[in-house]
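A quick write-up on the structure given underneath.
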Amino acid sequence: MLTQLEKNNQSLLDTQEQRESNARSYPRRIPIAIDKAQGIFVTDMDGKQYYDCLAGAGTLALGHNHPKVMEAMEQVIKDQRPLHTLDLTTPVKEEFINEIYAALPQEFTEKAKIQFCGPTGGDAIEAAMKLVKTATGKSTILSFHGGYHGSTHGTMSISGTLGPKEKVQGLVPNTHFMPYPYTYRCPFGIGGEESHQISSKYIENMLDDPESGILPPAAMILEVVQGEGGSIPANIEWLKEMRRITEERNIPLIIDEIQTGIGRTGRFFAFEHAGIVPDVVVLSKAIGGSLPLSVVIYDKKLDQWQPGAHIGTFRGNQLAMAAGTATIKFIKEQNLVAHAEIMGDRLMGLLTKVQKDIPELGDVRGRGLMIGVEIVDPTLKPSSDGSFPANPELASAIQKNCLERGLIVEVGGRHGSVVRLLPPLIITKDQIDDVANILKESILAGLEERGG
């Protein structure tokens, strides 16, 4: 065992490598061991402080150890409330449901049911798929290029990422992937407004074609802003068309709000940008106030499964429900949804200015505080839609340089070439400016290292 004097970044990373699975991912790109955390900052075992713009992959809406969240959890313990209740109800649970329902559009909640799932978003997606298949009697799921819905066997099957699938046989059948309106890298090779228009027409024609080869679907599932796919926001008109197309054909529309929900995109829920009402909403990450929690909320007409159709021992996490209630209340009281939109616009604006002088920033995009910067190689031939080839080596160098300068960011998207920022919603104007400056310095340093 390590003594306190021996515990530093490298010693803990060495121990982690010896004992943890080869499947671990974040420590390979962010090689630190965290000692303390408060708000937007984390401090590693060597005493270095960082801006945390990963924030638990969007889980930490209020940052680390927010006083309101800590107080709520402490009160549960002080009052000797149960910590684990399966799906038995409690006052803590009912208050949480009240807050979630109050945050959602009334048009949706007035006919909604809620299912508490296992503690991960992946389990909630699994539940949503079982729900719609049970209700419709169908098995086909329509998903999208670039979508990410989890890493369980079922959710991996409906996610676009190919890497994790290569070694896993027998994925869930009858999943079909549709073209997502990715403006920078148009799936049709044309770009611009026509991209989302063609996507809509293609999908509608496919559904109406008696020889499309695709059976009538049990559901369509999509992210309003693709997260792991590279912080790609869907065109608003396209979202409205997806709702029209599915509604006219009685196809349940599942919106995956696991990363976008609870204010992240400048609306409490990302689908509100389009003014649509989905059939199913899947929530996790931020709803637990930093603790594991996931739910599926859906139109009660779909509530046709039987008792025990989806269960899980840890679906009654009372501390997470209390922390989630406190988080939602604080976001409402402090108007952090509007703040996220303002801060996101500020950060996007600053990064767009950097982009004007650095062509390696192929695209700056996002909504609210869910932002992606796509790193490209402008010295190579562009594609037919004008996009340049991905530059994952430079993206990795930028991430490394950011870490050295005290900023934690993630890389993702196509070929791992998108630098992603998911700061807590409490980030201030001055902190936004610091983050933008550090990122700019890190980009310039990466270019210099590579002879740019």
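Residue names in the structure tokens use chain letters A, B, ... in the order shown, residue numbers from 1 in each chain, and ligand numbers from 1 in the order shown.
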DSSP alpha helix (DSSP H) residues within stretch 178-330 of chain A, as a VMD selection string
chain A and resid 193 to 208 236 to 248 318 to 330
Export of the given selection (C-alpha atoms) as a PDB file, in the first residue's frame:
```pdb
ATOM      1  CA  GLU A 193     -29.105  24.393 -45.881  1.00  0.00           C
ATOM      2  CA  GLU A 194     -29.636  21.654 -48.449  1.00  0.00           C
ATOM      3  CA  SER A 195     -27.975  19.135 -46.127  1.00  0.00           C
ATOM      4  CA  HIS A 196     -30.769  18.999 -43.546  1.00  0.00           C
ATOM      5  CA  GLN A 197     -33.450  19.319 -46.216  1.00  0.00           C
ATOM      6  CA  ILE A 198     -32.149  16.300 -48.114  1.00  0.00           C
ATOM      7  CA  SER A 199     -31.830  14.356 -44.860  1.00  0.00           C
ATOM      8  CA  SER A 200     -35.503  14.978 -44.073  1.00  0.00           C
ATOM      9  CA  LYS A 201     -36.637  14.036 -47.563  1.00  0.00           C
ATOM     10  CA  TYR A 202     -34.471  10.931 -47.588  1.00  0.00           C
ATOM     11  CA  ILE A 203     -35.873   9.702 -44.278  1.00  0.00           C
ATOM     12  CA  GLU A 204     -39.477  10.429 -45.216  1.00  0.00           C
ATOM     13  CA  ASN A 205     -39.122   8.691 -48.572  1.00  0.00           C
ATOM     14  CA  MET A 206     -37.436   5.706 -46.956  1.00  0.00           C
ATOM     15  CA  LEU A 207     -40.304   5.294 -44.502  1.00  0.00           C
ATOM     16  CA  ASP A 208     -42.882   5.441 -47.300  1.00  0.00           C
ATOM     17  CA  ILE A 236     -33.946  23.364 -35.801  1.00  0.00           C
ATOM     18  CA  GLU A 237     -36.070  22.938 -38.929  1.00  0.00           C
ATOM     19  CA  TRP A 238     -34.759  19.398 -39.311  1.00  0.00           C
ATOM     20  CA  LEU A 239     -35.839  18.588 -35.741  1.00  0.00           C
ATOM     21  CA  LYS A 240     -39.310  19.884 -36.484  1.00  0.00           C
ATOM     22  CA  GLU A 241     -39.412  17.726 -39.593  1.00  0.00           C
ATOM     23  CA  MET A 242     -38.344  14.626 -37.647  1.00  0.00           C
ATOM     24  CA  ARG A 243     -41.232  15.247 -35.257  1.00  0.00           C
ATOM     25  CA  ARG A 244     -43.694  15.769 -38.116  1.00  0.00           C
ATOM     26  CA  ILE A 245     -42.510  12.707 -40.006  1.00  0.00           C
ATOM     27  CA  THR A 246     -42.655  10.407 -36.981  1.00  0.00           C
ATOM     28  CA  GLU A 247     -45.922  11.812 -35.643  1.00  0.00           C
ATOM     29  CA  GLU A 248     -47.730  11.394 -38.962  1.00  0.00           C
ATOM     30  CA  GLN A 318     -32.283   8.742  -2.596  1.00  0.00           C
ATOM     31  CA  LEU A 319     -29.143  10.839  -2.218  1.00  0.00           C
ATOM     32  CA  ALA A 320     -29.089  11.361  -5.989  1.00  0.00           C
ATOM     33  CA  MET A 321     -32.747  12.355  -5.997  1.00  0.00           C
ATOM     34  CA  ALA A 322     -32.171  14.896  -3.240  1.00  0.00           C
ATOM     35  CA  ALA A 323     -29.063  16.225  -4.977  1.00  0.00           C
ATOM     36  CA  GLY A 324     -30.961  16.374  -8.273  1.00  0.00           C
ATOM     37  CA  THR A 325     -33.856  18.286  -6.737  1.00  0.00           C
ATOM     38  CA  ALA A 326     -31.433  20.799  -5.238  1.00  0.00           C
ATOM     39  CA  THR A 327     -29.653  21.177  -8.569  1.00  0.00           C
ATOM     40  CA  ILE A 328     -32.838  21.793 -10.546  1.00  0.00           C
ATOM     41  CA  LYS A 329     -34.138  24.288  -7.953  1.00  0.00           C
ATOM     42  CA  PHE A 330     -30.866  26.223  -7.928  1.00  0.00           C
TER      43      PHE A 330
END
```
Using only C-alpha atoms, pick whichever of A:Ile297, A:Ile125, A:Ile30, A:Ala103 has the shortest atom-to-atom distance to A:Asn401.
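Checking each candidate against A:Asn401, we get A:Ile30 as the closest.
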All strand (DSSP E or B) residues (DSSP, backbone) inside stretch 44-281 of chain A, as a PyMOL selection string
chain A and resi 44+49-52+64+84+112-116+140-144+175-178+217-222+225-226+232-233+253-256+280-281
Just the selected residues (C-alpha atoms), exported as an mmCIF file, in the first residue's frame, please.
```cif
data_model
loop_
_atom_site.group_PDB
_atom_site.id
_atom_site.type_symbol
_atom_site.label_atom_id
_atom_site.label_comp_id
_atom_site.auth_asym_id
_atom_site.auth_seq_id
_atom_site.Cartn_x
_atom_site.Cartn_y
_atom_site.Cartn_z
ATOM 1 C CA ASP A 44 -4.471 16.981 -8.547
ATOM 2 C CA GLN A 49 -5.249 23.301 -10.150
ATOM 3 C CA TYR A 50 -7.270 22.962 -13.366
ATOM 4 C CA TYR A 51 -10.370 24.433 -14.940
ATOM 5 C CA ASP A 52 -12.628 21.401 -15.362
ATOM 6 C CA HIS A 64 -17.958 20.028 -7.913
ATOM 7 C CA HIS A 84 -31.812 2.694 -0.928
ATOM 8 C CA ALA A 112 -46.462 11.526 -18.921
ATOM 9 C CA LYS A 113 -45.310 8.541 -16.901
ATOM 10 C CA ILE A 114 -41.845 8.125 -15.382
ATOM 11 C CA GLN A 115 -39.689 5.013 -15.051
ATOM 12 C CA PHE A 116 -36.678 4.996 -12.729
ATOM 13 C CA THR A 140 -36.746 -1.829 -35.856
ATOM 14 C CA ILE A 141 -34.973 1.205 -34.374
ATOM 15 C CA LEU A 142 -33.956 4.207 -36.464
ATOM 16 C CA SER A 143 -30.814 5.869 -35.169
ATOM 17 C CA PHE A 144 -28.330 8.329 -36.693
ATOM 18 C CA THR A 175 -31.043 -1.045 -36.194
ATOM 19 C CA HIS A 176 -30.819 1.304 -39.168
ATOM 20 C CA PHE A 177 -28.706 4.446 -39.287
ATOM 21 C CA MET A 178 -29.978 7.607 -40.940
ATOM 22 C CA PRO A 217 -39.895 1.096 -36.891
ATOM 23 C CA ALA A 218 -40.697 0.824 -33.214
ATOM 24 C CA ALA A 219 -39.048 4.216 -32.713
ATOM 25 C CA MET A 220 -36.644 6.853 -33.888
ATOM 26 C CA ILE A 221 -33.966 7.934 -31.399
ATOM 27 C CA LEU A 222 -31.829 11.054 -31.694
ATOM 28 C CA VAL A 225 -26.910 18.001 -30.011
ATOM 29 C CA GLN A 226 -24.726 14.988 -30.640
ATOM 30 C CA ILE A 232 -22.947 18.660 -33.407
ATOM 31 C CA PRO A 233 -26.188 20.649 -33.090
ATOM 32 C CA LEU A 253 -39.764 9.716 -31.113
ATOM 33 C CA ILE A 254 -37.156 9.165 -28.376
ATOM 34 C CA ILE A 255 -35.032 12.190 -27.474
ATOM 35 C CA ASP A 256 -31.783 11.299 -25.712
ATOM 36 C CA VAL A 280 -40.025 9.651 -24.855
ATOM 37 C CA VAL A 281 -37.323 11.649 -23.056
#
```
Tell me which protein, DNA and RNA residues are within 10 Å of stretch 184-186 of chain A, counting only C-alpha atoms, leaving out same-chain ones fewer than 3 positions away, and put them as a CSV table (one decimal) with C-alpha atoms, in the first residue's frame.
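Generated file (out-v1.csv):
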```csv
chain,number,residue,atom,x,y,z
A,179,PRO,CA,-28.0,10.7,-42.1
A,180,TYR,CA,-27.7,13.3,-39.4
A,181,PRO,CA,-27.4,17.0,-40.5
A,189,GLY,CA,-21.2,16.0,-49.6
A,190,ILE,CA,-23.0,19.3,-50.3
A,191,GLY,CA,-23.2,21.3,-47.1
A,192,GLY,CA,-25.3,24.3,-46.3
A,194,GLU,CA,-29.6,21.7,-48.4
A,195,SER,CA,-28.0,19.1,-46.1
A,196,HIS,CA,-30.8,19.0,-43.5
A,199,SER,CA,-31.8,14.4,-44.9
A,232,ILE,CA,-22.9,18.7,-33.4
A,362,GLY,CA,-12.3,23.9,-39.3
A,363,ASP,CA,-15.5,24.5,-37.4
A,364,VAL,CA,-16.6,26.1,-34.1
A,365,ARG,CA,-20.1,24.9,-33.1
A,374,GLU,CA,-13.1,20.6,-35.0
A,383,SER,CA,-14.0,17.3,-49.7
A,384,SER,CA,-16.8,18.2,-52.0
A,385,ASP,CA,-18.6,20.0,-49.2
A,386,GLY,CA,-15.6,22.2,-48.4
A,387,SER,CA,-14.5,20.4,-45.2
A,388,PHE,CA,-10.9,19.6,-44.7
A,389,PRO,CA,-9.6,16.2,-43.5
A,414,ARG,CA,-15.0,11.9,-36.1
```
Pick out the closest residue to A:Gly263 from this set: A:Ile331, A:Val295, A:Ala37, A:Val435. Count only C-alpha atoms.
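Using only C-alpha atoms, A:Gly263 sits closest to A:Ile331.
With only C-alpha atoms as the atoms that count, the residue of A:Ala72, A:Ala270, A:Leu444, A:Val282 with the shortest distance to A:Gln355 is A:Leu444.
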How far is it from atom CA of A:Thr183 to atom CA of A:Ala61, in Å with one decimal?
27.6 Å
If I take atom CA of A:Ser290 and atom CA of A:Ile398, how far is one from the other in Å, to one decimal?
27.5 Å
Distance atom CA of A:Leu86-atom CA of A:Gly150, one decimal place?
22.8 Å
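Nearest-residue note for A:His145: choosing from A:Gly229, A:Pro173, A:Pro307, A:Pro164, the minimum distance belongs to A:Gly229, counting only C-alpha atoms.
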Using only C-alpha atoms, which residues sit within 8 Å of A:Ala338 once same-chain residues fewer than 4 positions away are excluded, as a PDB file with C-alpha atoms, in the first residue's frame?
```pdb
ATOM      1  CA  GLY A 266     -29.364  27.131 -23.093  1.00  0.00           C
ATOM      2  CA  ARG A 267     -32.789  25.535 -22.662  1.00  0.00           C
ATOM      3  CA  ILE A 342     -25.035  33.778 -22.650  1.00  0.00           C
TER       4      ILE A 342
END
```
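Closest to A:Ile97 among A:Gly344, A:Gln304, A:Glu20, A:Ile287 is A:Ile287, based on only C-alpha atoms.
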My list of candidates is A:Val409, A:Gly58, A:Glu107, A:Phe188. Which is closest to A:Gln259 when distances are computed with only C-alpha atoms?
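Selected residue with least distance to A:Gln259: A:Gly58.
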